[in-house]
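Shown below: data-v2.csv, with CSV, C-alpha atoms.
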chain,number,residue,atom,x,y,z
A,884,MET,CA,22.5,-10.8,-15.2
A,885,GLN,CA,18.7,-11.2,-15.4
A,886,LEU,CA,17.0,-10.3,-12.1
A,887,PRO,CA,14.1,-12.4,-10.8
A,888,SER,CA,10.8,-10.5,-11.5
A,889,ASP,CA,7.6,-10.7,-9.4
A,890,ALA,CA,5.7,-10.3,-12.6
A,891,ASP,CA,6.4,-14.0,-13.4
A,892,ARG,CA,7.6,-17.3,-11.9
A,893,SER,CA,11.2,-16.1,-11.8
A,894,GLY,CA,10.5,-13.9,-8.7
A,895,ARG,CA,7.4,-15.7,-7.3
A,896,GLU,CA,7.6,-18.8,-5.2
A,897,LEU,CA,4.5,-20.7,-6.4
A,898,GLY,CA,4.5,-24.5,-6.4
A,899,ALA,CA,3.4,-27.7,-4.8
A,900,GLU,CA,1.7,-26.1,-1.8
A,901,GLU,CA,-0.5,-23.9,-3.9
A,902,LEU,CA,-1.3,-26.7,-6.3
A,903,GLU,CA,-2.3,-29.0,-3.5
A,904,LEU,CA,-4.9,-26.6,-2.1
A,905,LEU,CA,-6.1,-25.7,-5.6
A,906,ARG,CA,-6.6,-29.4,-6.2
A,907,GLU,CA,-8.8,-29.6,-3.1
A,908,VAL,CA,-10.9,-26.8,-4.5
A,909,ILE,CA,-11.3,-28.2,-8.0
A,910,GLU,CA,-12.1,-31.7,-6.7
A,911,SER,CA,-14.7,-30.2,-4.3
A,912,GLY,CA,-16.4,-28.4,-7.2
A,913,ILE,CA,-17.1,-25.5,-4.9
A,914,LEU,CA,-15.5,-22.3,-6.2
A,915,ASN,CA,-17.6,-19.8,-4.3
A,916,CYS,CA,-16.6,-18.8,-0.8
A,917,THR,CA,-20.1,-18.7,0.6
A,918,ARG,CA,-20.1,-22.5,0.6
A,919,GLY,CA,-16.4,-23.3,0.4
A,920,THR,CA,-13.7,-23.7,3.1
A,921,GLN,CA,-10.5,-22.2,1.7
A,922,VAL,CA,-11.5,-18.5,2.1
A,923,ALA,CA,-12.9,-19.1,5.6
A,924,ALA,CA,-9.6,-20.9,6.6
A,925,LEU,CA,-7.5,-18.0,5.1
A,926,GLU,CA,-9.5,-15.5,7.1
A,927,ALA,CA,-8.9,-17.5,10.3
A,928,GLU,CA,-5.2,-18.0,9.7
A,929,PHE,CA,-4.5,-14.4,8.7
A,930,ALA,CA,-6.4,-13.1,11.8
A,931,ALA,CA,-4.3,-15.5,13.9
A,932,ARG,CA,-1.0,-14.4,12.4
A,933,TYR,CA,-1.9,-10.8,13.1
A,934,GLY,CA,-3.4,-11.5,16.6
A,935,VAL,CA,-6.8,-10.0,15.8
A,936,PRO,CA,-10.2,-11.6,16.1
A,937,TYR,CA,-11.6,-10.6,12.7
A,938,CYS,CA,-10.5,-10.8,9.1
A,939,ARG,CA,-12.5,-10.6,5.9
A,940,ALA,CA,-11.0,-11.7,2.5
A,941,VAL,CA,-12.1,-9.7,-0.6
A,942,CYS,CA,-11.4,-9.6,-4.3
A,943,SER,CA,-8.7,-6.9,-4.4
A,944,GLY,CA,-6.6,-4.5,-2.4
A,945,SER,CA,-8.7,-1.7,-3.6
A,946,ALA,CA,-11.8,-3.6,-2.4
A,947,ALA,CA,-10.1,-3.9,1.0
A,948,ILE,CA,-9.7,-0.2,1.3
A,949,HIS,CA,-13.2,0.3,0.0
A,950,ALA,CA,-14.7,-2.0,2.6
A,951,ALA,CA,-12.6,-0.3,5.3
A,952,ILE,CA,-14.0,3.2,4.3
A,953,ALA,CA,-17.5,1.7,4.1
A,954,ALA,CA,-17.1,0.4,7.7
A,955,ILE,CA,-16.4,3.9,8.9
A,956,ASP,CA,-19.6,5.0,7.0
A,957,PRO,CA,-18.9,8.6,6.2
A,958,GLU,CA,-21.6,11.1,5.5
A,959,PRO,CA,-21.6,12.7,2.0
A,960,GLY,CA,-19.2,15.5,2.0
A,961,ASP,CA,-17.1,14.3,5.0
A,962,GLU,CA,-13.4,14.5,4.6
A,963,VAL,CA,-10.9,11.6,4.7
A,964,ILE,CA,-7.3,12.5,5.0
A,965,THR,CA,-4.9,10.5,2.8
A,966,SER,CA,-1.6,10.7,1.0
A,967,PRO,CA,-0.9,12.3,-2.4
A,968,VAL,CA,1.7,9.7,-3.1
A,969,THR,CA,-0.2,6.4,-3.3
A,970,ASP,CA,-2.0,4.1,-5.7
A,971,MET,CA,-5.3,5.6,-7.0
A,972,GLY,CA,-7.0,2.4,-5.9
A,973,ALA,CA,-6.5,3.6,-2.3
A,974,ILE,CA,-8.1,7.0,-3.0
A,975,THR,CA,-11.1,6.3,-5.3
A,976,PRO,CA,-12.9,4.3,-2.5
A,977,ILE,CA,-13.2,7.5,-0.6
A,978,LEU,CA,-15.0,9.1,-3.5
A,979,TYR,CA,-17.2,6.0,-4.0
A,980,GLN,CA,-18.4,6.4,-0.4
A,981,GLN,CA,-19.3,10.0,-1.1
A,982,ALA,CA,-16.5,11.5,1.0
A,983,ILE,CA,-13.8,13.9,-0.2
A,984,PRO,CA,-10.1,13.1,-0.1
A,985,VAL,CA,-8.0,15.6,1.7
A,986,PHE,CA,-4.3,15.3,1.1
A,987,ALA,CA,-1.6,15.5,3.8
A,988,ASP,CA,2.0,16.3,2.8
A,989,VAL,CA,4.6,13.6,3.3
A,990,ASP,CA,8.2,13.2,4.6
A,991,PRO,CA,10.4,13.9,1.5
A,992,VAL,CA,12.5,10.8,2.1
A,993,SER,CA,10.1,8.1,3.3
A,994,LEU,CA,7.1,9.6,1.3
A,995,ASN,CA,4.9,8.7,4.3
A,996,VAL,CA,2.5,11.0,6.0
A,997,THR,CA,3.5,12.2,9.5
A,998,PRO,CA,1.7,13.2,12.7
A,999,GLU,CA,2.5,16.8,11.8
A,1000,THR,CA,1.2,16.7,8.3
A,1001,VAL,CA,-1.9,14.9,9.3
A,1002,ALA,CA,-2.6,17.3,12.1
A,1003,ALA,CA,-2.3,20.2,9.7
A,1004,ARG,CA,-5.2,18.8,7.6
A,1005,ILE,CA,-7.7,18.0,10.3
A,1006,THR,CA,-11.0,20.0,10.3
A,1007,PRO,CA,-14.4,19.6,11.9
A,1008,ARG,CA,-15.4,17.6,8.8
A,1009,THR,CA,-12.6,15.0,9.1
A,1010,ARG,CA,-14.1,11.5,9.4
A,1011,ALA,CA,-11.1,9.3,9.0
A,1012,VAL,CA,-7.4,9.1,8.1
A,1013,VAL,CA,-5.9,6.6,5.7
A,1014,VAL,CA,-2.2,6.1,6.2
A,1015,THR,CA,-0.2,4.3,3.5
A,1016,HIS,CA,2.9,2.4,4.7
A,1017,LEU,CA,4.7,3.1,1.4
A,1018,PHE,CA,7.2,0.5,0.1
A,1019,GLY,CA,7.0,-1.5,3.4
A,1020,ASN,CA,8.3,1.4,5.5
A,1021,PRO,CA,5.8,1.9,8.3
A,1022,CYS,CA,4.3,5.3,9.1
A,1023,ASP,CA,4.4,6.7,12.7
A,1024,VAL,CA,1.0,5.4,13.5
A,1025,PRO,CA,1.4,5.8,17.3
A,1026,GLY,CA,2.2,9.5,16.7
A,1027,ILE,CA,-0.7,9.9,14.3
A,1028,LEU,CA,-3.0,8.3,16.8
A,1029,ARG,CA,-1.9,10.9,19.4
A,1030,VAL,CA,-3.3,13.5,17.0
A,1031,THR,CA,-6.5,11.6,15.9
A,1032,ALA,CA,-7.6,9.6,19.0
A,1033,PRO,CA,-8.6,12.6,21.1
A,1034,ARG,CA,-10.8,13.8,18.3
A,1035,GLY,CA,-12.4,10.4,17.8
A,1036,ILE,CA,-11.0,10.1,14.2
A,1037,PRO,CA,-10.3,6.4,13.2
A,1038,VAL,CA,-7.2,5.5,11.4
A,1039,ILE,CA,-7.2,3.0,8.5
A,1040,GLU,CA,-3.9,1.5,7.7
A,1041,ASP,CA,-3.1,0.7,4.0
A,1042,CYS,CA,-0.7,-2.2,4.4
A,1043,ALA,CA,-0.8,-3.3,0.8
A,1044,GLN,CA,3.0,-2.9,0.6
A,1045,ALA,CA,3.8,-3.5,4.3
A,1046,TYR,CA,3.2,-7.2,5.4
A,1047,LEU,CA,5.0,-7.7,8.7
A,1048,ALA,CA,6.3,-4.2,8.9
A,1049,SER,CA,6.1,-2.9,12.5
A,1050,PHE,CA,6.3,0.2,14.6
A,1051,GLY,CA,7.1,0.1,18.3
A,1052,GLY,CA,6.8,-3.7,18.3
A,1053,ARG,CA,3.3,-3.7,16.8
A,1054,LEU,CA,2.5,-4.9,13.3
A,1055,ALA,CA,1.3,-2.5,10.7
A,1056,GLY,CA,-2.4,-3.1,10.4
A,1057,VAL,CA,-3.2,-3.6,14.0
A,1058,MET,CA,-2.3,-0.2,15.4
A,1059,GLY,CA,-5.2,1.7,13.8
A,1060,ALA,CA,-9.0,0.9,13.7
A,1061,ILE,CA,-8.7,-1.2,10.5
A,1062,GLY,CA,-5.9,-2.7,8.4
A,1063,ALA,CA,-6.2,-3.4,4.7
A,1064,PHE,CA,-3.9,-5.6,2.6
A,1065,SER,CA,-3.4,-6.6,-1.0
A,1066,LEU,CA,-2.7,-9.9,-2.7
A,1067,GLN,CA,-2.0,-8.5,-6.1
A,1068,GLN,CA,0.7,-10.1,-8.3
A,1069,GLY,CA,3.6,-8.0,-7.0
A,1070,LYS,CA,2.9,-7.9,-3.3
A,1071,HIS,CA,4.8,-9.8,-0.6
A,1072,ILE,CA,2.4,-12.7,-1.0
A,1073,THR,CA,0.0,-13.1,-4.0
A,1074,ALA,CA,-3.1,-14.7,-5.3
A,1075,GLY,CA,-3.0,-12.7,-8.5
A,1076,GLU,CA,-5.6,-10.4,-7.0
A,1077,GLY,CA,-7.2,-10.3,-3.7
A,1078,GLY,CA,-7.4,-8.3,-0.4
A,1079,LEU,CA,-7.7,-8.8,3.3
A,1080,VAL,CA,-9.2,-6.6,6.0
A,1081,ILE,CA,-8.5,-7.0,9.7
A,1082,THR,CA,-9.9,-5.3,12.8
A,1083,SER,CA,-10.4,-5.9,16.5
A,1084,ASP,CA,-13.8,-4.1,16.4
A,1085,ALA,CA,-16.8,-6.4,16.1
A,1086,ALA,CA,-19.2,-3.8,14.7
A,1087,ARG,CA,-16.7,-2.7,12.1
A,1088,ALA,CA,-15.9,-6.3,11.2
A,1089,ARG,CA,-19.6,-7.0,10.6
A,1090,ARG,CA,-19.9,-4.0,8.4
A,1091,VAL,CA,-16.9,-5.0,6.4
A,1092,ARG,CA,-18.3,-8.4,5.9
A,1093,LEU,CA,-21.7,-7.1,4.9
A,1094,PHE,CA,-20.4,-4.5,2.6
A,1095,SER,CA,-18.3,-7.1,0.7
A,1096,ASP,CA,-21.4,-9.3,0.1
A,1097,LYS,CA,-24.2,-7.0,-0.9
A,1098,ALA,CA,-25.1,-6.2,2.7
A,1099,TRP,CA,-26.9,-9.6,2.9
A,1100,GLY,CA,-27.0,-10.8,6.5
A,1101,TYR,CA,-25.9,-14.4,6.1
A,1102,GLY,CA,-26.8,-16.3,9.3
A,1103,ASP,CA,-29.1,-13.6,10.7
A,1104,PRO,CA,-32.5,-14.6,12.0
A,1105,ALA,CA,-34.2,-12.5,9.3
A,1106,PRO,CA,-31.5,-11.6,6.8
A,1107,ASP,CA,-32.0,-8.7,4.4
A,1108,HIS,CA,-30.0,-6.4,2.2
A,1109,TYR,CA,-29.4,-3.8,4.9
A,1110,PHE,CA,-27.7,-1.0,2.9
A,1111,LEU,CA,-26.0,-0.1,-0.4
A,1112,ALA,CA,-23.1,-2.5,-0.9
A,1113,LEU,CA,-21.1,-4.4,-3.5
A,1114,ASN,CA,-20.1,-8.0,-4.2
A,1115,CYS,CA,-16.4,-8.0,-3.4
A,1116,ARG,CA,-16.1,-11.7,-2.4
A,1117,MET,CA,-12.9,-13.7,-2.9
A,1118,THR,CA,-13.1,-17.0,-4.8
A,1119,GLU,CA,-12.1,-20.3,-3.3
A,1120,LEU,CA,-9.3,-20.5,-5.9
A,1121,GLN,CA,-7.8,-17.2,-4.7
A,1122,GLY,CA,-8.3,-18.3,-1.1
A,1123,ALA,CA,-6.4,-21.6,-1.7
A,1124,VAL,CA,-3.4,-19.8,-3.3
A,1125,ALA,CA,-3.4,-17.1,-0.6
A,1126,ARG,CA,-3.4,-19.7,2.2
A,1127,ALA,CA,-0.4,-21.5,0.8
A,1128,GLN,CA,1.4,-18.1,0.3
A,1129,LEU,CA,0.6,-17.1,3.9
A,1130,ARG,CA,2.5,-20.0,5.2
A,1131,LYS,CA,5.6,-18.7,3.4
A,1132,LEU,CA,5.1,-15.0,4.4
A,1133,ASP,CA,7.6,-14.9,7.3
A,1134,ALA,CA,10.3,-16.5,5.3
A,1135,PHE,CA,9.6,-14.2,2.3
A,1136,VAL,CA,9.9,-11.1,4.4
A,1137,GLU,CA,13.0,-12.3,6.2
A,1138,ARG,CA,14.7,-12.9,2.8
A,1139,ARG,CA,13.7,-9.4,1.6
A,1140,ARG,CA,15.1,-7.8,4.7
A,1141,ARG,CA,18.4,-9.8,4.5
A,1142,SER,CA,19.0,-8.8,0.9
A,1143,ALA,CA,18.1,-5.2,1.6
A,1144,ALA,CA,20.5,-5.1,4.5
A,1145,GLN,CA,23.2,-6.4,2.1
A,1146,LEU,CA,22.5,-3.7,-0.5
A,1147,SER,CA,22.5,-1.0,2.2
A,1148,HIS,CA,25.9,-2.2,3.4
A,1149,LEU,CA,27.3,-2.2,-0.2
A,1150,LEU,CA,26.0,1.3,-0.9
A,1151,ALA,CA,26.9,2.9,2.4
A,1152,GLU,CA,29.6,5.2,1.0
A,1153,LEU,CA,27.9,6.2,-2.2
A,1154,PRO,CA,27.6,10.0,-2.6
A,1155,GLY,CA,24.4,11.7,-3.4
A,1156,ILE,CA,22.2,8.8,-2.4
A,1157,THR,CA,19.9,8.5,0.7
A,1158,LEU,CA,19.3,4.9,1.6
A,1159,PRO,CA,15.9,3.6,2.8
A,1160,ALA,CA,15.7,3.3,6.6
A,1161,ALA,CA,12.8,2.9,9.0
A,1162,ALA,CA,12.2,5.4,11.9
A,1163,PRO,CA,13.6,4.5,15.3
A,1164,GLY,CA,11.5,1.7,16.7
A,1165,ALA,CA,10.1,0.7,13.3
A,1166,VAL,CA,10.9,-2.3,11.1
A,1167,HIS,CA,10.8,-2.1,7.3
A,1168,SER,CA,9.5,-5.1,5.2
A,1169,PHE,CA,10.9,-3.9,1.8
A,1170,TRP,CA,8.2,-4.3,-0.7
A,1171,ARG,CA,10.6,-2.3,-2.8
A,1172,TYR,CA,14.1,-0.8,-2.1
A,1173,CYS,CA,13.9,2.9,-2.7
A,1174,LEU,CA,16.7,5.4,-3.0
A,1175,SER,CA,16.4,9.2,-2.7
A,1176,VAL,CA,18.7,10.8,-5.3
A,1177,ASP,CA,20.2,14.3,-4.8
A,1178,PRO,CA,20.1,16.1,-8.2
A,1179,GLU,CA,22.8,18.5,-6.9
A,1180,ALA,CA,25.2,15.6,-6.4
A,1181,ILE,CA,24.0,13.3,-9.2
A,1182,ARG,CA,23.6,15.0,-12.6
A,1183,GLY,CA,20.1,14.4,-13.9
A,1184,GLY,CA,19.0,13.1,-10.5
A,1185,ALA,CA,16.8,10.0,-10.2
A,1186,GLU,CA,15.8,10.0,-13.9
A,1187,ALA,CA,19.4,9.9,-15.1
A,1188,LEU,CA,20.5,7.3,-12.5
A,1189,GLY,CA,17.5,5.2,-13.3
A,1190,ALA,CA,18.2,5.3,-17.0
A,1191,ALA,CA,21.8,4.3,-16.4
A,1192,ILE,CA,21.0,1.2,-14.4
A,1193,ALA,CA,18.1,0.3,-16.6
A,1194,ALA,CA,20.6,0.0,-19.5
A,1195,GLU,CA,22.2,-2.7,-17.4
A,1196,GLY,CA,19.0,-4.7,-17.0
A,1197,ILE,CA,17.6,-3.3,-13.7
A,1198,ARG,CA,14.0,-2.3,-14.3
A,1199,CYS,CA,13.8,0.5,-11.9
A,1200,GLN,CA,11.1,3.2,-11.6
A,1201,PRO,CA,12.1,6.9,-11.1
A,1202,ARG,CA,9.3,8.8,-9.3
A,1203,TYR,CA,7.2,5.7,-8.4
A,1204,ILE,CA,4.1,7.6,-9.8
A,1205,ARG,CA,4.3,10.2,-12.5
A,1206,LYS,CA,2.4,12.9,-10.6
A,1207,LEU,CA,0.8,13.6,-7.3
A,1208,ALA,CA,-2.7,12.2,-6.9
A,1209,PHE,CA,-4.5,15.5,-7.1
A,1210,GLU,CA,-2.8,16.3,-10.4
A,1211,CYS,CA,-4.5,13.4,-12.1
A,1212,GLU,CA,-7.4,14.1,-14.4
A,1213,LEU,CA,-9.9,12.7,-11.9
A,1214,PHE,CA,-9.2,15.6,-9.6
A,1215,VAL,CA,-8.4,18.3,-12.1
A,1216,ARG,CA,-11.7,17.8,-14.0
A,1217,GLN,CA,-13.6,16.3,-11.0
A,1218,HIS,CA,-15.0,13.7,-13.4
A,1219,THR,CA,-16.9,11.3,-11.2
A,1220,TYR,CA,-20.6,10.6,-11.7
A,1221,GLY,CA,-21.7,11.9,-15.1
A,1222,ASN,CA,-21.2,15.7,-15.0
A,1223,SER,CA,-22.4,16.1,-11.4
A,1224,ARG,CA,-18.9,16.5,-9.9
A,1225,TRP,CA,-20.3,14.6,-6.9
A,1226,PRO,CA,-19.2,14.6,-4.1
A,1227,PHE,CA,-16.9,17.5,-5.0
A,1228,SER,CA,-20.0,19.6,-5.7
A,1229,LEU,CA,-21.0,19.3,-2.1
A,1230,ARG,CA,-17.9,21.5,-1.3
A,1231,PRO,CA,-17.7,24.1,-4.1
A,1232,GLU,CA,-15.1,26.2,-2.3
A,1233,THR,CA,-11.4,25.9,-3.2
A,1234,PRO,CA,-9.7,23.0,-1.3
A,1235,ASN,CA,-7.7,24.1,1.7
A,1236,PRO,CA,-4.9,24.0,0.9
A,1237,PRO,CA,-5.3,24.2,-2.9
A,1238,TRP,CA,-4.4,21.2,-5.0
A,1239,ASP,CA,-1.1,22.8,-5.9
A,1240,ARG,CA,2.3,21.1,-5.4
A,1241,ARG,CA,3.6,24.4,-3.9
A,1242,PHE,CA,1.5,23.5,-0.8
A,1243,TYR,CA,3.0,19.9,-0.7
A,1244,PRO,CA,6.8,20.5,-0.6
A,1245,GLY,CA,7.6,17.2,0.9
A,1246,ALA,CA,5.6,15.2,-1.6
A,1247,ALA,CA,6.9,17.3,-4.6
A,1248,ARG,CA,10.5,17.0,-3.5
A,1249,GLY,CA,10.3,13.4,-2.5
A,1250,LEU,CA,8.6,12.3,-5.7
A,1251,ASP,CA,11.2,14.1,-7.9
A,1252,ARG,CA,14.0,12.3,-6.1
A,1253,ILE,CA,12.8,8.8,-5.5
A,1254,LEU,CA,14.2,5.9,-7.5
A,1255,VAL,CA,12.3,2.6,-6.8
A,1256,LEU,CA,14.3,-0.5,-7.3
A,1257,PRO,CA,12.6,-3.9,-7.9
A,1258,TRP,CA,12.7,-6.3,-5.0
A,1259,ASN,CA,11.4,-9.8,-4.2
A,1260,GLU,CA,12.2,-12.8,-2.1
A,1261,LYS,CA,14.2,-14.6,-4.7
A,1262,TYR,CA,17.1,-12.1,-4.8
A,1263,THR,CA,20.4,-13.8,-3.9
A,1264,ALA,CA,23.6,-12.2,-2.8
A,1265,GLU,CA,24.8,-12.3,-6.4
A,1266,HIS,CA,21.7,-10.3,-7.5
A,1267,VAL,CA,22.3,-7.7,-4.8
A,1268,GLU,CA,26.0,-7.4,-5.8
A,1269,PHE,CA,25.0,-7.0,-9.4
A,1270,ILE,CA,22.6,-4.1,-8.5
A,1271,ALA,CA,25.2,-2.5,-6.2
A,1272,SER,CA,27.9,-2.6,-8.9
A,1273,ALA,CA,25.6,-1.1,-11.5
A,1274,LEU,CA,24.7,1.7,-9.1
A,1275,LYS,CA,28.3,2.4,-8.2
A,1276,ARG,CA,29.2,2.6,-11.9
A,1277,ALA,CA,26.3,4.9,-12.7
A,1278,VAL,CA,27.1,7.2,-9.8
A,1279,GLY,CA,30.7,7.3,-10.7
A,1280,LYS,CA,29.7,8.6,-14.1
A,1281,LEU,CA,27.1,11.0,-12.9
A,1282,ALA,CA,28.4,12.3,-9.6
A,1283,VAL,CA,29.1,16.0,-9.4
A,1284,CYS,CA,31.3,15.7,-6.3
A,1285,GLN,CA,32.2,13.0,-3.8
A,1286,ARG,CA,30.6,13.2,-0.3
A,1287,PRO,CA,29.4,10.6,2.3
A,1288,VAL,CA,25.9,9.2,1.8
A,1289,SER,CA,23.2,9.9,4.3
A,1290,THR,CA,21.6,6.8,5.9
A,1291,ARG,CA,18.6,8.6,7.4

Show the structure stored in the file as structure tokens.
Amino acid sequence: MQLPSDADRSGRELGAEELELLREVIESGILNCTRGTQVAALEAEFAARYGVPYCRAVCSGSAAIHAAIAAIDPEPGDEVITSPVTDMGAITPILYQQAIPVFADVDPVSLNVTPETVAARITPRTRAVVVTHLFGNPCDVPGILRVTAPRGIPVIEDCAQAYLASFGGRLAGVMGAIGAFSLQQGKHITAGEGGLVITSDAARARRVRLFSDKAWGYGDPAPDHYFLALNCRMTELQGAVARAQLRKLDAFVERRRRSAAQLSHLLAELPGITLPAAAPGAVHSFWRYCLSVDPEAIRGGAEALGAAIAAEGIRCQPRYIRKLAFECELFVRQHTYGNSRWPFSLRPETPNPPWDRRFYPGAARGLDRILVLPWNEKYTAEHVEFIASALKRAVGKLAVCQRPVSTR
């Protein structure tokens, strides 16, 4: 069986609704959002869906994080706490804004930062915390806020993979100071590329809007370029597709949750496997379906299990990312602006803790064990049964012993 893929039409629901709004844009002849209507409408509709007053659409998910960091406006050398298990596009904006990423360890099963791991990294230089809701499984933002709020440290939520995920009845993206989303090809909804930034803070909303448009004060009595900023505007073409996709978002997420629940039911007794589950009070939105594989129970661990089901046509991804963020060349060589090592050169002392996986046991263990299964809204019951059968066969061949599966 060939599974639907979000890399192409087989796993993406794009059709008449998107074409109709694209036709409106083409017929208007206005492709730029500064004079068009689609991006402005997308911003209003997304803000309404999330119950916040402000939304800014930008050109990518990385640009959304960048605009959020810029809205916090760190001083050179300030620290921003983040996760070592995330896309580099969520980390480099910290460096571009002259701040230094400080990595908090993660829970070894969810691979999310926790209140405890964030608290352990806070120093007098901490300017913000970026929490990544990995795979659609929301972090304990209320718990993290109990750590950060008394210190006046804002929390930015990276919701690129977590549309409509929630914790304690509140949507991911509205619990912290700023929420950032991605519209990249493989996300819950897509415009190919694109990003969205939401907030309830008027001052931060203005700074996000300015930063994404060269800091030019459109509509101001005496507009000027107020500070150093980029052009991260979204086009009307992206806005049109994203608007049509937004109207389908709730249905997409519901389908993902339904098929994920089916797979969890089918795998409930599988030995050596920990199934994905949100924390009490949290609701997962399943950007991907991720298993944690015990190498003591499954010979070869996640790599061997992944290879076995890949041979049956399931394009899975052991480890998610090949190495922890600080093990990438960018951090090892501190290759940023020419040979300056800026902003690392502002802090010549050894990072505390050092960039060594021995100091990140949760991240190291979790990354070694994770097996990321592809997931999208076009999975049917038959697709899920096919995946479950392949996993059961593979575990049957690789299992060291039989024991009940954890559903933590």

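Straight-line separation from CA of Val985 (chain A) to CA of Ala951 (chain A): 16.9 Å.
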
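Considering all atoms listed in the file, the residue among A:Leu1111, A:Tyr933, A:Glu1232, A:Ala1246 positioned nearest to Asp1133 (chain A) is A:Tyr933.
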
Expected residue set, 10 Å radius at (17.0, 7.4, -14.0), only C-alpha atoms, as an MDAnalysis selection string: chainID A and resid 1176 1183:1194 1199:1202 1252:1255 1277

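Here CA of Leu1113 (chain A) is placed at a distance of 11.6 Å from CA of Gln980 (chain A).
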
Out of A:Val989, A:Asp889, A:Ile983, A:Ile964, which residue has the shortest atom-to-atom distance to Glu1040 (chain A) when counting all atoms listed in the file? A:Ile964

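The neighbours of Glu926 (chain A) here are the residues that come within 8 Å of it, using all atoms listed in the file and leaving out any residue fewer than 6 positions away in the same chain; they are Tyr937, Cys938, Arg939, Ala940 and Leu1079 of chain A.
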
How far is it from CA of Ala1282 (chain A) to CA of Arg1182 (chain A), in Å with one decimal? 6.3 Å

Which neighbours of region 1219-1230 of chain A fall inside 7 Å, counting all atoms listed in the file, when residues of the same chain fewer than 5 positions from it are skipped, and could you give them as a VMD selection string? chain A and resid 959 to 960 978 981 to 983

Please produce, as a tab-separated table, a per-residue contact table for region 1087-1202 of chain A versus region 1018-1035 of chain A (criterion: any atom at most 10 Å away, all atoms listed in the file considered), showing the nearest atom pair and its distance in Å to one decimal, sorted by chain then residue number.
residue	atom	partner	partner_atom	distance
A:Pro1159	CA	A:Asn1020	CA	8.4
A:Ala1160	CA	A:Asn1020	CA	7.7
A:Ala1161	CA	A:Asn1020	CA	5.9
A:Ala1162	CA	A:Asp1023	CA	7.9
A:Pro1163	CA	A:Asp1023	CA	9.8
A:Gly1164	CA	A:Asp1023	CA	9.6
A:Ala1165	CA	A:Pro1021	CA	6.7
A:Val1166	CA	A:Pro1021	CA	7.2
A:His1167	CA	A:Asn1020	CA	4.7
A:Ser1168	CA	A:Gly1019	CA	4.7
A:Phe1169	CA	A:Gly1019	CA	4.9
A:Trp1170	CA	A:Phe1018	CA	5.0
A:Arg1171	CA	A:Phe1018	CA	5.3
A:Tyr1172	CA	A:Phe1018	CA	7.4
A:Cys1173	CA	A:Phe1018	CA	7.6

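Between Thr1263 (chain A) and the residues A:Ile948, A:Val1080, A:Ala1247, A:Ala1143, the shortest atom-to-atom distance, using all atoms listed in the file, involves A:Ala1143.
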
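Among A:Leu902, A:Ala1134, A:Ala1060, A:Ile1039, the residue with the shortest atom-to-atom distance to Val935 (chain A), counting only C-alpha atoms, is A:Ala1060.
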
Mind checking which residues fall within 9 Å of Lys1275 (chain A), counting only C-alpha atoms, ignoring those fewer than 5 positions away in the same chain, and posting them as a ChimeraX atom specification? /A:1150,1153,1270,1280

Can you check which parts of region 1081-1176 of chain A lie within 6 Å of region 942-946 of chain A? Per residue, the shortest pair of atoms and distance in Å to one decimal, counting only C-alpha atoms, sorted by chain and number, as CSV.
residue,atom,partner,partner_atom,distance
A:Cys1115,CA,A:Cys942,CA,5.3
A:Arg1116,CA,A:Cys942,CA,5.5
A:Met1117,CA,A:Cys942,CA,4.6

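Shortest atom-to-atom contact with Thr965 (chain A) among A:Phe929, A:Val992, A:His949, A:Val1012: A:Val1012, counting all atoms listed in the file.
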
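Ranking A:Arg1010, A:Arg932, A:Arg1089, A:His1218 by their shortest atom-to-atom distance to Val963 (chain A), with only C-alpha atoms included, puts A:Arg1010 first.
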
All residues 6 Å or closer to Ala954 (chain A), all atoms listed in the file, same chain fewer than 4 positions away omitted, as a list in words: Arg1087, Arg1090 and Val1091 of chain A

Neighbour list for Ile913 (chain A) as a ChimeraX atom specification, cut-off 10 Å, all atoms listed in the file, skip fewer than 5 positions in-chain: /A:907-908,918-921,1118-1120

Go ahead and write the residues just picked, C-alpha atoms, as a PDB file, in the frame of the given file.
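Produced file out_21.pdb, reproduced below:
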ATOM      1  CA  GLU A 907      -8.800 -29.600  -3.100  1.00  0.00           C
ATOM      2  CA  VAL A 908     -10.900 -26.800  -4.500  1.00  0.00           C
ATOM      3  CA  ARG A 918     -20.100 -22.500   0.600  1.00  0.00           C
ATOM      4  CA  GLY A 919     -16.400 -23.300   0.400  1.00  0.00           C
ATOM      5  CA  THR A 920     -13.700 -23.700   3.100  1.00  0.00           C
ATOM      6  CA  GLN A 921     -10.500 -22.200   1.700  1.00  0.00           C
ATOM      7  CA  THR A1118     -13.100 -17.000  -4.800  1.00  0.00           C
ATOM      8  CA  GLU A1119     -12.100 -20.300  -3.300  1.00  0.00           C
ATOM      9  CA  LEU A1120      -9.300 -20.500  -5.900  1.00  0.00           C
TER      10      LEU A1120
END

Could you list as number ranges by chain every residue that has an atom within 12 Å of (-2.0, 14.6, -10.6), using the file's coordinates and counting only C-alpha atoms? A: 967-971, 986, 1204-1217, 1238-1240, 1246-1247, 1250
